[in-house]
Amino acid sequence: MRPGAAFLLLTFGLLGCEAPAEEESYVARVGDEVLTHTSLQSSLASLAVGLDTEEVARQLIDRWITSELLYQEARRLRIETRPEIREQLRQSERAVLIQSMVEMYQMEESSAQSALEISAYFESHKENMRLLEPFVRVRHFPLTDPDSAALAAQMLNRSPEADSVFEFLAVRFAADPSIAIMHSQNFYPERNLFTTRPALRRELAALIPGSPARVMAADSTWHLVQLMDRAVEGSLPELVWVEDHVRQQLQIARRKQNYAAAVQRLRSEADTRDEIEIRY
């Protein structure tokens, strides 16, 4: 079996039956139901890159035809009228509707997260956010000319106003000054730096925080690098390092609150109408 076959069951549900549109061609037909070119391409796009898409497409089409034949035969034989099948369909519909209501209540609009909420959550939970890996603050940008890189390192190391000098150098030499300046002002996971240049990553790992700026060469490019600070694994983070995580956690908590409030409202309204009775 080709590698693509393992993905077919994951994507098969996306291949629904469609009424043929006059302006759209279809790739397969069973009776009046068709599999459109758009639907097939959408499913193929969701698969992993590098698969034999022609072979996968043929398998998807074959499975769609088999599925459609089985479905149409089930309808012809009125399988849905059997008591056990009718109950399964009822339970499936019930589960889909309940899940839809849960998602709707969770996603109800609520006020934006305030800076006070974010700060309070961080202070209450930061012990659980200790770093799982080193975070670093680095002054860095690449240059194409080694003489310019050497001059930039000298200017940075000789100036008592290193922050201002680095911003000047970034504007003068960096391809994207705003990114270089932003990275120099915040901590980031060390593993996220130099991901495509392992030699530079090893050199960075060996640097001592606060050591002079240096020039590192890699692939005909010269990198101005200065390790300003390193927070080791197990350190308590600063809020700015984990603010995105805090926002996500607050969003999850708010969704839970929205759901709980909606369920409580439904129960209260049902109690008012005397529609809930418990005999236990």
# chains A, B, ... in the order shown; residues from 1 in each chain; ligands from 1

call {"tool": "residues_around", "arguments": {"residues": "Val232 of chain A", "least_positions_apart": "2", "cutoff": "8 Å", "atoms": "only C-alpha atoms", "output": "PyMOL selection string"}}
result
chain A and resi 131+133-135+230+234-235

call {"tool": "write_last_selection", "arguments": {"atoms": "C-alpha atoms", "output": "JSON list (two decimals), in the first residue's frame"}}
result
[["chain", "number", "residue", "atom", "x", "y", "z"],
["A", 131, "LEU", "CA", 10.75, 27.53, 31.92],
["A", 133, "GLU", "CA", 14.10, 25.26, 28.31],
["A", 134, "PRO", "CA", 16.58, 28.15, 28.24],
["A", 135, "PHE", "CA", 15.35, 31.55, 27.05],
["A", 230, "ARG", "CA", 20.09, 33.77, 29.43],
["A", 234, "GLY", "CA", 13.46, 26.10, 35.69],
["A", 235, "SER", "CA", 13.58, 29.89, 35.94]]

call {"tool": "closest_residue", "arguments": {"among": "A:Ala231, A:Gly31, A:Asp271, A:Ser178", "to": "Tyr71 of chain A", "atoms": "only C-alpha atoms"}}
result
A:Gly31

call {"tool": "closest_residue", "arguments": {"among": "A:Met228, A:Ala120, A:Ile278, A:Val240", "to": "Ala162 of chain A", "atoms": "only C-alpha atoms"}}
result
A:Met228

call {"tool": "residues_around", "arguments": {"residues": "Val225 of chain A", "least_positions_apart": "6", "cutoff": "10 Å", "atoms": "only C-alpha atoms", "output": "PyMOL selection string"}}
result
chain A and resi 138-142+149+153+200+203-204+207+212-216
